[in-house]
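What's in input00.csv: CSV, C-alpha atoms
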```csv
chain,number,residue,atom,x,y,z
Z,1,MET,CA,14.4,35.6,9.4
Z,2,ALA,CA,13.9,37.5,6.1
Z,3,ASP,CA,16.5,40.1,5.3
Z,4,GLU,CA,15.8,43.7,4.4
Z,5,GLU,CA,15.5,42.9,0.7
Z,6,GLY,CA,12.6,40.5,1.4
Z,7,GLU,CA,14.4,37.3,0.6
Z,8,ALA,CA,12.7,34.0,1.5
Z,9,LEU,CA,13.2,32.7,5.0
Z,10,ARG,CA,16.5,30.7,5.5
Z,11,TYR,CA,16.9,27.9,8.0
Z,12,GLU,CA,20.2,27.1,9.5
Z,13,PHE,CA,21.5,23.6,9.7
Z,14,THR,CA,24.7,21.9,10.6
Z,15,ALA,CA,26.0,19.4,8.0
Z,16,GLU,CA,24.8,16.5,10.1
Z,17,GLN,CA,21.4,18.0,10.6
Z,18,ALA,CA,20.9,18.6,6.9
Z,19,GLN,CA,21.7,14.9,6.2
Z,20,GLN,CA,19.3,13.8,9.0
Z,21,VAL,CA,16.4,16.0,7.7
Z,22,LEU,CA,17.0,14.9,4.1
Z,23,THR,CA,16.9,11.2,5.2
Z,24,ALA,CA,13.7,11.8,7.1
Z,25,ALA,CA,12.1,13.6,4.2
Z,26,ILE,CA,12.9,10.7,1.8
Z,27,GLU,CA,11.6,8.2,4.3
Z,28,CYS,CA,8.3,10.1,4.8
Z,29,ARG,CA,9.2,10.8,8.5
Z,30,ALA,CA,9.8,14.6,8.3
Z,31,SER,CA,7.2,17.1,9.5
Z,32,THR,CA,5.7,19.7,7.3
Z,33,HIS,CA,7.9,22.3,9.0
Z,34,ALA,CA,11.1,20.3,8.4
Z,35,GLN,CA,10.3,19.7,4.8
Z,36,LEU,CA,9.7,23.4,4.2
Z,37,ALA,CA,13.1,24.2,5.8
Z,38,LEU,CA,14.8,21.6,3.6
Z,39,SER,CA,13.0,22.8,0.4
Z,40,THR,CA,13.9,26.4,1.1
Z,41,ASN,CA,17.6,25.5,0.8
Z,42,VAL,CA,17.5,22.7,-1.8
Z,43,TRP,CA,15.6,24.5,-4.6
Z,44,PRO,CA,18.3,27.2,-5.0
Z,45,VAL,CA,20.8,24.4,-5.5
Z,46,VAL,CA,18.8,22.6,-8.2
Z,47,LEU,CA,18.1,25.9,-9.9
Z,48,GLY,CA,21.9,26.6,-10.1
Z,49,ASP,CA,22.0,29.3,-7.5
Z,50,SER,CA,23.8,27.7,-4.6
Z,51,SER,CA,24.7,31.2,-3.3
Z,52,ARG,CA,21.1,31.6,-2.2
Z,53,ALA,CA,21.2,28.3,-0.2
Z,54,GLY,CA,22.1,28.4,3.4
Z,55,SER,CA,25.1,26.5,4.9
Z,56,PRO,CA,25.9,23.7,4.4
Z,57,PHE,CA,23.8,23.3,1.3
Z,58,GLU,CA,26.2,25.3,-0.8
Z,59,ALA,CA,28.4,22.1,-0.8
Z,60,TRP,CA,25.6,20.1,-2.5
Z,61,THR,CA,26.2,19.9,-6.2
Z,62,GLU,CA,23.7,19.8,-9.1
Z,63,VAL,CA,24.4,17.0,-11.5
Z,64,LYS,CA,23.6,17.7,-15.2
Z,65,GLN,CA,21.5,14.9,-16.7
Z,66,PRO,CA,19.0,14.5,-19.6
Z,67,ASN,CA,15.8,14.1,-17.7
Z,68,SER,CA,14.0,17.5,-17.6
Z,69,SER,CA,11.3,16.3,-15.1
Z,70,LEU,CA,13.8,16.0,-12.3
Z,71,HIS,CA,16.9,17.6,-10.8
Z,72,GLU,CA,19.8,15.5,-9.5
Z,73,ILE,CA,22.0,16.4,-6.6
Z,74,GLU,CA,25.3,14.8,-5.5
Z,75,LEU,CA,25.8,15.0,-1.7
Z,76,PRO,CA,29.2,15.7,-0.1
Z,77,VAL,CA,28.8,12.5,2.0
Z,78,PRO,CA,26.6,9.5,1.6
Z,79,ILE,CA,23.3,9.0,3.4
Z,80,THR,CA,21.6,5.7,4.3
Z,81,VAL,CA,17.9,5.4,3.2
Z,82,PHE,CA,15.9,2.4,4.2
Z,83,GLY,CA,19.1,0.6,4.9
Z,84,HIS,CA,20.7,1.4,1.5
Z,85,GLU,CA,23.6,3.9,1.0
Z,86,THR,CA,23.6,6.6,-1.7
Z,87,GLN,CA,25.2,9.9,-2.4
Z,88,ARG,CA,22.7,11.0,-5.1
Z,89,ILE,CA,19.2,12.3,-4.8
Z,90,ALA,CA,16.5,13.4,-7.2
Z,91,VAL,CA,14.3,16.4,-6.6
Z,92,LEU,CA,10.9,16.5,-8.3
Z,93,SER,CA,8.0,18.9,-8.0
Z,94,GLU,CA,6.2,16.6,-5.6
Z,95,ALA,CA,8.9,14.4,-4.2
Z,96,THR,CA,12.5,14.1,-2.9
Z,97,MET,CA,13.9,10.7,-3.7
Z,98,ALA,CA,17.1,8.7,-3.2
Z,99,ILE,CA,18.8,7.3,-6.3
Z,100,LEU,CA,19.7,3.7,-5.4
Z,101,GLU,CA,21.9,1.6,-7.7
Z,102,ARG,CA,22.4,-1.7,-5.8
Z,103,ILE,CA,18.8,-2.9,-5.4
Z,104,SER,CA,16.0,-3.8,-7.9
Z,105,LEU,CA,12.6,-2.2,-8.0
Z,106,GLU,CA,11.1,-5.5,-7.0
Z,107,ASP,CA,13.3,-5.9,-4.0
Z,108,ILE,CA,12.8,-2.4,-2.6
Z,109,SER,CA,9.1,-2.7,-3.3
Z,110,SER,CA,8.9,-5.9,-1.3
Z,111,GLN,CA,11.0,-4.5,1.5
Z,112,LEU,CA,8.7,-1.5,1.9
Z,113,ASP,CA,5.4,-3.4,1.2
Z,114,MET,CA,4.6,-1.4,-2.0
Z,115,LYS,CA,2.3,-2.3,-4.8
Z,116,PRO,CA,2.4,-1.4,-8.5
Z,117,LEU,CA,0.4,1.8,-9.3
Z,118,SER,CA,-1.0,-0.1,-12.2
Z,119,ALA,CA,0.0,-3.6,-13.4
Z,120,THR,CA,-0.8,-2.7,-17.0
Z,121,ASP,CA,-0.3,1.1,-17.4
Z,122,ALA,CA,2.5,1.8,-14.9
Z,123,PRO,CA,4.3,-1.4,-13.7
Z,124,HIS,CA,7.5,0.6,-13.3
Z,125,ILE,CA,6.0,2.7,-10.4
Z,126,HIS,CA,5.3,1.1,-7.0
Z,127,LEU,CA,3.9,2.9,-4.0
Z,128,ARG,CA,2.3,2.6,-0.6
Z,129,GLU,CA,0.1,5.4,0.7
Z,130,LEU,CA,0.9,6.4,4.2
Z,131,SER,CA,-1.5,9.2,5.1
Z,132,LEU,CA,-4.3,11.2,3.7
Z,133,ARG,CA,-5.5,14.6,5.0
Z,134,ASN,CA,-8.4,16.7,4.0
Z,135,SER,CA,-7.4,19.4,1.6
Z,136,GLY,CA,-9.8,21.9,-0.1
Z,137,ASP,CA,-13.3,21.1,-1.1
Z,138,ASP,CA,-13.0,17.9,-3.0
Z,139,GLY,CA,-10.1,15.8,-2.0
Z,140,PHE,CA,-7.1,14.9,0.1
Z,141,TYR,CA,-3.5,15.6,0.4
Z,142,VAL,CA,-1.7,12.3,0.0
Z,143,ARG,CA,1.7,11.2,1.3
Z,144,SER,CA,3.1,8.1,-0.3
Z,145,LEU,CA,6.3,6.0,-0.3
Z,146,THR,CA,7.1,5.7,-4.0
Z,147,ALA,CA,9.7,3.7,-6.0
Z,148,SER,CA,10.2,3.8,-9.7
Z,149,ARG,CA,12.5,3.0,-12.6
Z,150,ILE,CA,13.2,5.8,-15.1
Z,151,ALA,CA,14.8,5.6,-18.6
Z,152,SER,CA,17.3,8.4,-17.9
Z,153,HIS,CA,18.9,6.4,-15.0
Z,154,PRO,CA,19.2,2.8,-16.2
Z,155,GLY,CA,20.0,0.3,-13.5
Z,156,ALA,CA,18.9,2.7,-10.7
Z,157,VAL,CA,15.7,2.9,-8.7
Z,158,LEU,CA,14.3,6.2,-7.3
Z,159,VAL,CA,12.8,5.8,-3.8
Z,160,GLY,CA,11.3,8.5,-1.7
Z,161,CYS,CA,8.3,10.4,-0.3
Z,162,GLU,CA,5.7,11.8,-2.7
Z,163,GLU,CA,3.3,14.6,-1.6
Z,164,ARG,CA,0.4,15.1,-4.0
Z,165,TYR,CA,-3.3,15.9,-4.2
Z,166,GLY,CA,-5.9,13.1,-4.7
Z,167,THR,CA,-9.7,13.3,-5.0
Z,168,ARG,CA,-12.0,11.6,-2.5
Z,169,THR,CA,-13.3,9.3,-5.2
Z,170,GLU,CA,-9.8,8.1,-6.0
Z,171,GLN,CA,-8.8,7.5,-2.4
Z,172,LEU,CA,-12.0,5.6,-1.5
Z,173,ARG,CA,-11.5,3.4,-4.6
Z,174,ARG,CA,-8.0,2.7,-3.6
Z,175,ARG,CA,-9.4,1.4,-0.4
Z,176,GLY,CA,-11.7,-0.9,-2.3
Z,177,LYS,CA,-14.7,1.2,-1.5
Z,178,GLU,CA,-16.9,2.2,-4.5
Z,179,PRO,CA,-18.3,5.7,-3.7
Z,180,ASP,CA,-21.9,6.4,-4.6
Z,181,THR,CA,-23.5,9.8,-5.3
Z,182,ALA,CA,-27.0,8.8,-4.2
Z,183,PHE,CA,-28.6,7.1,-1.2
Z,184,ALA,CA,-29.3,3.4,-1.8
Z,185,PRO,CA,-32.9,2.3,-2.0
Z,186,GLY,CA,-34.4,1.8,1.4
Z,187,VAL,CA,-32.1,4.3,3.2
Z,188,ASP,CA,-34.0,6.6,5.5
Z,189,ILE,CA,-32.6,10.1,4.6
Z,190,ASN,CA,-33.4,11.6,8.0
Z,191,LYS,CA,-31.7,8.9,9.9
Z,192,GLU,CA,-28.7,8.8,7.6
Z,193,LEU,CA,-28.1,12.5,7.8
Z,194,ASP,CA,-28.4,12.4,11.6
Z,195,ALA,CA,-25.8,9.6,11.6
Z,196,VAL,CA,-23.4,11.5,9.3
Z,197,LEU,CA,-23.6,14.9,11.0
Z,198,THR,CA,-23.3,13.4,14.5
Z,199,CYS,CA,-20.1,11.5,13.6
Z,200,LYS,CA,-21.7,8.0,13.7
Z,201,ALA,CA,-21.0,7.2,10.0
Z,202,ASP,CA,-17.8,6.6,8.2
Z,203,ALA,CA,-15.8,8.3,5.3
Z,204,LEU,CA,-17.8,6.4,2.6
Z,205,ARG,CA,-21.2,7.2,4.0
Z,206,ASN,CA,-20.2,10.8,4.5
Z,207,TYR,CA,-19.1,11.0,0.9
Z,208,THR,CA,-22.4,9.6,-0.3
Z,209,ALA,CA,-24.4,11.9,1.9
Z,210,GLY,CA,-22.7,15.0,0.6
Z,211,TRP,CA,-23.4,14.1,-3.0
Z,212,ALA,CA,-26.9,12.8,-2.3
Z,213,VAL,CA,-27.9,16.1,-0.7
Z,214,LEU,CA,-26.2,18.0,-3.5
Z,215,MET,CA,-28.0,16.1,-6.3
Z,216,GLY,CA,-31.1,14.9,-4.6
Z,217,PRO,CA,-33.3,18.0,-5.1
Z,218,LEU,CA,-32.5,17.9,-8.8
Z,219,SER,CA,-33.3,14.2,-9.1
Z,220,THR,CA,-36.5,12.2,-9.3
Z,221,ASP,CA,-35.8,10.5,-6.0
Z,222,PRO,CA,-39.2,10.8,-4.1
Z,223,ARG,CA,-37.3,11.0,-0.8
Z,224,PHE,CA,-36.1,14.5,-1.9
Z,225,LYS,CA,-39.6,15.7,-2.9
Z,226,GLY,CA,-40.1,19.3,-1.7
Z,227,TRP,CA,-36.4,19.9,-1.0
Z,228,LYS,CA,-35.0,23.3,-2.2
Z,229,SER,CA,-31.5,24.4,-2.8
Z,230,GLY,CA,-29.6,27.6,-3.4
Z,231,GLU,CA,-26.5,29.6,-2.8
Z,232,ASP,CA,-25.9,32.5,-0.3
Z,233,ASP,CA,-24.1,35.7,-0.9
Z,234,GLU,CA,-20.8,34.2,0.1
Z,235,GLY,CA,-21.1,31.3,-2.3
Z,236,ASN,CA,-22.0,28.6,0.3
Z,237,ARG,CA,-24.5,26.0,-0.9
Z,238,TRP,CA,-27.7,25.4,1.2
Z,239,TRP,CA,-30.6,23.0,1.2
Z,240,THR,CA,-34.0,23.1,2.9
Z,241,PRO,CA,-36.2,20.0,3.4
Z,242,PRO,CA,-40.0,20.4,3.4
Z,243,ALA,CA,-40.1,19.7,7.1
Z,244,PRO,CA,-37.5,19.9,9.9
Z,245,ILE,CA,-35.2,16.9,10.3
Z,246,ALA,CA,-33.9,15.9,13.8
Z,247,ILE,CA,-30.2,16.1,14.0
Z,248,ALA,CA,-28.6,15.4,17.4
Z,249,GLY,CA,-32.2,15.7,18.8
Z,250,MET,CA,-32.6,19.2,17.5
Z,251,PRO,CA,-34.9,20.3,14.6
Z,252,VAL,CA,-33.0,21.4,11.5
Z,253,SER,CA,-34.7,23.3,8.6
Z,254,ARG,CA,-31.6,24.1,6.6
Z,255,PHE,CA,-28.3,22.4,5.7
Z,256,VAL,CA,-25.2,24.3,4.6
Z,257,LYS,CA,-21.9,23.2,3.0
Z,258,LEU,CA,-18.7,25.0,4.0
Z,259,GLY,CA,-15.7,23.7,2.3
Z,260,GLN,CA,-16.1,19.9,2.2
Z,261,THR,CA,-18.2,19.6,5.3
Z,262,LEU,CA,-22.0,19.4,5.4
Z,263,TYR,CA,-23.5,21.2,8.4
Z,264,ALA,CA,-26.9,21.5,10.1
Z,265,GLU,CA,-27.8,25.1,10.6
Z,266,LEU,CA,-29.3,25.7,14.1
Z,267,ASP,CA,-31.1,28.7,15.5
Z,268,GLY,CA,-29.4,30.7,18.2
Z,269,ASP,CA,-25.8,31.6,19.1
Z,270,ILE,CA,-25.4,28.2,20.8
Z,271,ALA,CA,-21.9,27.0,19.8
Z,272,PRO,CA,-20.6,27.3,23.4
Z,273,ALA,CA,-23.6,25.5,24.8
Z,274,LEU,CA,-23.1,22.6,22.3
Z,275,ALA,CA,-19.4,22.5,23.0
Z,276,GLU,CA,-20.2,22.1,26.7
Z,277,ARG,CA,-22.7,19.4,26.0
Z,278,TRP,CA,-20.4,17.4,23.8
Z,279,ASP,CA,-17.1,18.3,25.6
Z,280,LEU,CA,-15.6,20.0,22.5
Z,281,PRO,CA,-12.4,22.1,23.1
Z,282,PRO,CA,-12.1,25.6,21.5
Z,283,TYR,CA,-10.6,25.8,18.0
Z,284,ASP,CA,-8.9,28.9,16.8
Z,285,GLY,CA,-8.4,28.0,13.1
Z,286,TRP,CA,-11.4,30.0,11.9
Z,287,ASP,CA,-12.4,33.6,12.3
Z,288,ASP,CA,-15.7,32.7,14.0
Z,289,VAL,CA,-16.1,31.1,17.4
Z,290,ALA,CA,-15.7,27.4,17.0
Z,291,PHE,CA,-15.2,24.2,19.0
Z,292,VAL,CA,-13.8,21.0,17.5
Z,293,GLY,CA,-13.1,17.7,19.1
Z,294,PHE,CA,-12.4,14.1,17.9
Z,295,TYR,CA,-15.7,12.4,18.5
Z,296,ASP,CA,-14.5,8.9,17.6
Z,297,THR,CA,-11.5,7.2,15.9
Z,298,ASP,CA,-11.9,3.7,14.5
Z,299,ALA,CA,-9.5,1.4,12.7
Z,300,ALA,CA,-11.4,0.2,9.7
Z,301,ALA,CA,-11.3,-3.4,8.5
Z,302,ASP,CA,-8.7,-2.4,5.9
Z,303,GLY,CA,-6.3,-1.0,8.5
Z,304,TRP,CA,-7.0,2.7,7.8
Z,305,LEU,CA,-7.8,5.1,10.6
Z,306,GLU,CA,-11.0,7.0,10.2
Z,307,ASP,CA,-11.0,10.2,12.4
Z,308,ARG,CA,-14.2,12.0,13.0
Z,309,ALA,CA,-14.1,15.6,14.2
Z,310,ARG,CA,-17.3,16.9,15.7
Z,311,ILE,CA,-17.8,20.6,15.1
Z,312,ALA,CA,-19.9,23.4,16.6
Z,313,ARG,CA,-19.2,26.8,15.1
Z,314,ALA,CA,-20.8,30.3,14.9
Z,315,PHE,CA,-22.0,31.0,11.4
Z,316,ARG,CA,-23.8,34.3,11.2
Z,317,PRO,CA,-25.7,36.4,13.8
Z,318,GLY,CA,-28.3,34.1,15.5
Z,319,LYS,CA,-27.1,31.0,13.6
Z,320,THR,CA,-24.8,28.1,14.6
Z,321,LEU,CA,-23.5,25.2,12.5
Z,322,HIS,CA,-23.1,21.6,13.7
Z,323,GLY,CA,-21.4,18.9,11.7
Z,324,CYS,CA,-18.7,16.3,11.4
Z,325,GLU,CA,-15.5,16.3,9.4
Z,326,TYR,CA,-14.3,12.8,8.3
Z,327,GLN,CA,-10.6,12.2,7.7
Z,328,GLN,CA,-8.8,9.1,6.5
Z,329,ASN,CA,-5.2,8.3,7.2
Z,330,ARG,CA,-2.8,5.4,7.4
Z,331,GLN,CA,0.2,6.3,9.4
Z,332,GLU,CA,3.1,3.9,9.0
Z,333,PHE,CA,6.1,6.1,9.9
Z,334,GLY,CA,5.9,8.1,13.1
Z,335,LYS,CA,2.8,9.0,15.1
Z,336,THR,CA,1.6,11.9,13.0
Z,337,PRO,CA,3.8,12.1,9.8
Z,338,ASP,CA,2.3,15.2,8.4
Z,339,ASP,CA,2.1,17.3,11.6
Z,340,ASP,CA,3.7,20.7,11.6
Z,341,ASP,CA,6.1,20.8,14.5
Z,342,ALA,CA,6.8,24.5,14.2
```
Give the structure from this file in structure tokens form.
Amino acid sequence: MADEEGEALRYEFTAEQAQQVLTAAIECRASTHAQLALSTNVWPVVLGDSSRAGSPFEAWTEVKQPNSSLHEIELPVPITVFGHETQRIAVLSEATMAILERISLEDISSQLDMKPLSATDAPHIHLRELSLRNSGDDGFYVRSLTASRIASHPGAVLVGCEERYGTRTEQLRRRGKEPDTAFAPGVDINKELDAVLTCKADALRNYTAGWAVLMGPLSTDPRFKGWKSGEDDEGNRWWTPPAPIAIAGMPVSRFVKLGQTLYAELDGDIAPALAERWDLPPYDGWDDVAFVGFYDTDAAADGWLEDRARIARAFRPGKTLHGCEYQQNRQEFGKTPDDDDA
């Protein structure tokens, strides 16, 4: 708990628990909650104020070294990471990594099935993306296993778990899928929007639909003739076709984008009725009445899981939103590596 002076929350560990959580964090097996608990104690150490770290972290020692982009810590006892023993770790803004000295970058990369970030621009960095989760309006939160060589530690390899933000475009391209911002010739807009909003499409088609609706009314595409667009008082973008479009068998005269999700706006306060029809459980993550359920989960041909969450939510008096949120993830360690177990 926080003390009377408002200090940050402290989490209590035994020495053995601290080693276990650290190992799990480096191997991308730690939950969000466990990583927060670890970070709360580790950062005071790397910033030279061990007195603010909880027990047993005051026994962890900062190591002075020339690389300003990372902080090095020597542990009181060794840990074993991916089968390799080390007593030193590196703490970076987006990663906690083990410093391994008795294995090459090529060998650890082969062991963990990593690939070079770029064979020409960054051959010294290898990675394997483990999971992607929606984050914000435009991209994903990415968890990756990463290994690299750095000049400040010759003969050593840094290996660990990196957490960073990546755009949707970047992630689709990493999967070998070239995203488009317009519907291909011959695509029926009405049928495609119905498929996307009822969770019958995939992450790539959802991406294209979002951009096509955004840009279509401003383009010369005859399929968007008569469409209008604007922004409401709360900053949400909206679009109206010249005639209603059938989405899930219901006429829709207006589409709205909240966050990264495109919705059909329906007349009436009908979110509970839609939830009953589609068997959607209640969702308490928003202020308004909402129901969210995984409509379908498929393993794509490239091995990625594509989760589709069907949504029915109250919008404003007399209006209900219906749509589908598409998530991509590839979970290699644990069932849900980025779940919060608090």
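Distances here use only C-alpha atoms; by that measure, the residue among Z:Tyr326, Z:Trp304, Z:Trp286, Z:Phe224 closest to Z:Ser131 is Z:Trp304.
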Practice item. Please identify all polymer residues within 6 Å of stretch 196-207 of chain Z, counting all atoms listed in the file, omitting same-chain residues fewer than 6 positions from it, and present them as a PyMOL selection string. Key: chain Z and resi 308+323-324+326
Expected file contents, prior selection, C-alpha atoms, as a compact mmCIF listing (two decimals), in the frame of the given file:
```txt
# COMPACT_ATOMS: atom_id res chain seq x y z
CA ARG Z 308 -14.20 12.00 13.00
CA GLY Z 323 -21.40 18.90 11.70
CA CYS Z 324 -18.70 16.30 11.40
CA TYR Z 326 -14.30 12.80 8.30
```
Practice item. Within 12 Å of Z:Leu22, counting only C-alpha atoms, which residues show up once you throw out same-chain ones fewer than 6 positions away? Write them as a PyMOL selection string, please. Key: chain Z and resi 13+15-16+28-31+34-39+41-42+57+73+75+78-81+87-91+95-98+160-161
Same residues, C-alpha atoms, saved as a PDB file, in the frame of the given file:
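Listing of again-v3.pdb after writing:
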```
ATOM      1  CA  PHE Z  13      21.500  23.600   9.700  1.00  0.00           C
ATOM      2  CA  ALA Z  15      26.000  19.400   8.000  1.00  0.00           C
ATOM      3  CA  GLU Z  16      24.800  16.500  10.100  1.00  0.00           C
ATOM      4  CA  CYS Z  28       8.300  10.100   4.800  1.00  0.00           C
ATOM      5  CA  ARG Z  29       9.200  10.800   8.500  1.00  0.00           C
ATOM      6  CA  ALA Z  30       9.800  14.600   8.300  1.00  0.00           C
ATOM      7  CA  SER Z  31       7.200  17.100   9.500  1.00  0.00           C
ATOM      8  CA  ALA Z  34      11.100  20.300   8.400  1.00  0.00           C
ATOM      9  CA  GLN Z  35      10.300  19.700   4.800  1.00  0.00           C
ATOM     10  CA  LEU Z  36       9.700  23.400   4.200  1.00  0.00           C
ATOM     11  CA  ALA Z  37      13.100  24.200   5.800  1.00  0.00           C
ATOM     12  CA  LEU Z  38      14.800  21.600   3.600  1.00  0.00           C
ATOM     13  CA  SER Z  39      13.000  22.800   0.400  1.00  0.00           C
ATOM     14  CA  ASN Z  41      17.600  25.500   0.800  1.00  0.00           C
ATOM     15  CA  VAL Z  42      17.500  22.700  -1.800  1.00  0.00           C
ATOM     16  CA  PHE Z  57      23.800  23.300   1.300  1.00  0.00           C
ATOM     17  CA  ILE Z  73      22.000  16.400  -6.600  1.00  0.00           C
ATOM     18  CA  LEU Z  75      25.800  15.000  -1.700  1.00  0.00           C
ATOM     19  CA  PRO Z  78      26.600   9.500   1.600  1.00  0.00           C
ATOM     20  CA  ILE Z  79      23.300   9.000   3.400  1.00  0.00           C
ATOM     21  CA  THR Z  80      21.600   5.700   4.300  1.00  0.00           C
ATOM     22  CA  VAL Z  81      17.900   5.400   3.200  1.00  0.00           C
ATOM     23  CA  GLN Z  87      25.200   9.900  -2.400  1.00  0.00           C
ATOM     24  CA  ARG Z  88      22.700  11.000  -5.100  1.00  0.00           C
ATOM     25  CA  ILE Z  89      19.200  12.300  -4.800  1.00  0.00           C
ATOM     26  CA  ALA Z  90      16.500  13.400  -7.200  1.00  0.00           C
ATOM     27  CA  VAL Z  91      14.300  16.400  -6.600  1.00  0.00           C
ATOM     28  CA  ALA Z  95       8.900  14.400  -4.200  1.00  0.00           C
ATOM     29  CA  THR Z  96      12.500  14.100  -2.900  1.00  0.00           C
ATOM     30  CA  MET Z  97      13.900  10.700  -3.700  1.00  0.00           C
ATOM     31  CA  ALA Z  98      17.100   8.700  -3.200  1.00  0.00           C
ATOM     32  CA  GLY Z 160      11.300   8.500  -1.700  1.00  0.00           C
ATOM     33  CA  CYS Z 161       8.300  10.400  -0.300  1.00  0.00           C
TER      34      CYS Z 161
END
```
Check your understanding: Which residues come within 7 Å of Z:Arg143, counting all atoms listed in the file, excluding same-chain residues fewer than 5 positions away, as a PyMOL selection string?
Key -> chain Z and resi 129-132+161-164
**Study point:** Contacts of stretch 267-284 of chain Z within 10 Å, all atoms listed in the file, excl. fewer than 2 positions in-chain, as a PyMOL selection string
**Key:** chain Z and resi 250-253+264-265+286-295+309-322
Quick one: everything within 7 Å of stretch 210-218 of chain Z, counting all atoms listed in the file, minus sequence neighbours fewer than 3 positions away in the same chain. Send it as a short mmCIF file (atom, residue, chain, number, x, y, z; two decimals) with C-alpha atoms, keeping the file's coordinate frame.
```
data_model
loop_
_atom_site.label_atom_id
_atom_site.label_comp_id
_atom_site.auth_asym_id
_atom_site.auth_seq_id
_atom_site.Cartn_x
_atom_site.Cartn_y
_atom_site.Cartn_z
CA THR Z 181 -23.50 9.80 -5.30
CA ALA Z 182 -27.00 8.80 -4.20
CA PHE Z 183 -28.60 7.10 -1.20
CA ASN Z 206 -20.20 10.80 4.50
CA TYR Z 207 -19.10 11.00 0.90
CA ASP Z 221 -35.80 10.50 -6.00
CA PHE Z 224 -36.10 14.50 -1.90
CA TRP Z 227 -36.40 19.90 -1.00
CA LYS Z 228 -35.00 23.30 -2.20
CA LEU Z 262 -22.00 19.40 5.40
#
```
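The coordinates place atom CA of Z:Leu145 at 13.0 Å from atom CA of Z:Val157.
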Check your understanding: Can you find the residues with an atom no farther than 9 Å from (22.1, 1.4, 1.0), counting all atoms listed in the file, and report them as a ChimeraX atom specification?
Key -> /Z:79-86,100-103
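Checking Z:Arg149, Z:Arg128, Z:Arg254, Z:Lys191 one by one against Z:Arg174, counting only C-alpha atoms, you find the shortest gap at Z:Arg128.
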Point to revise | Atomic separation - atom CA of Z:Pro244 relative to atom CA of Z:Arg223, Å | key: 13.9 Å
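Between Z:Leu193 and the residues Z:Ile99, Z:Thr208, Z:Asn67, Z:Ala53, the shortest atom-to-atom distance, using only C-alpha atoms, involves Z:Thr208.
The two atoms in question, atom CA of Z:Ala151 and atom CA of Z:Pro116, are spaced 17.5 Å apart.
Of the residues under consideration (Z:Val45, Z:Ala209, Z:Val21, Z:Leu92), Z:Val45 shows the shortest atom-to-atom contact distance to Z:Ala59 when counting all atoms listed in the file.
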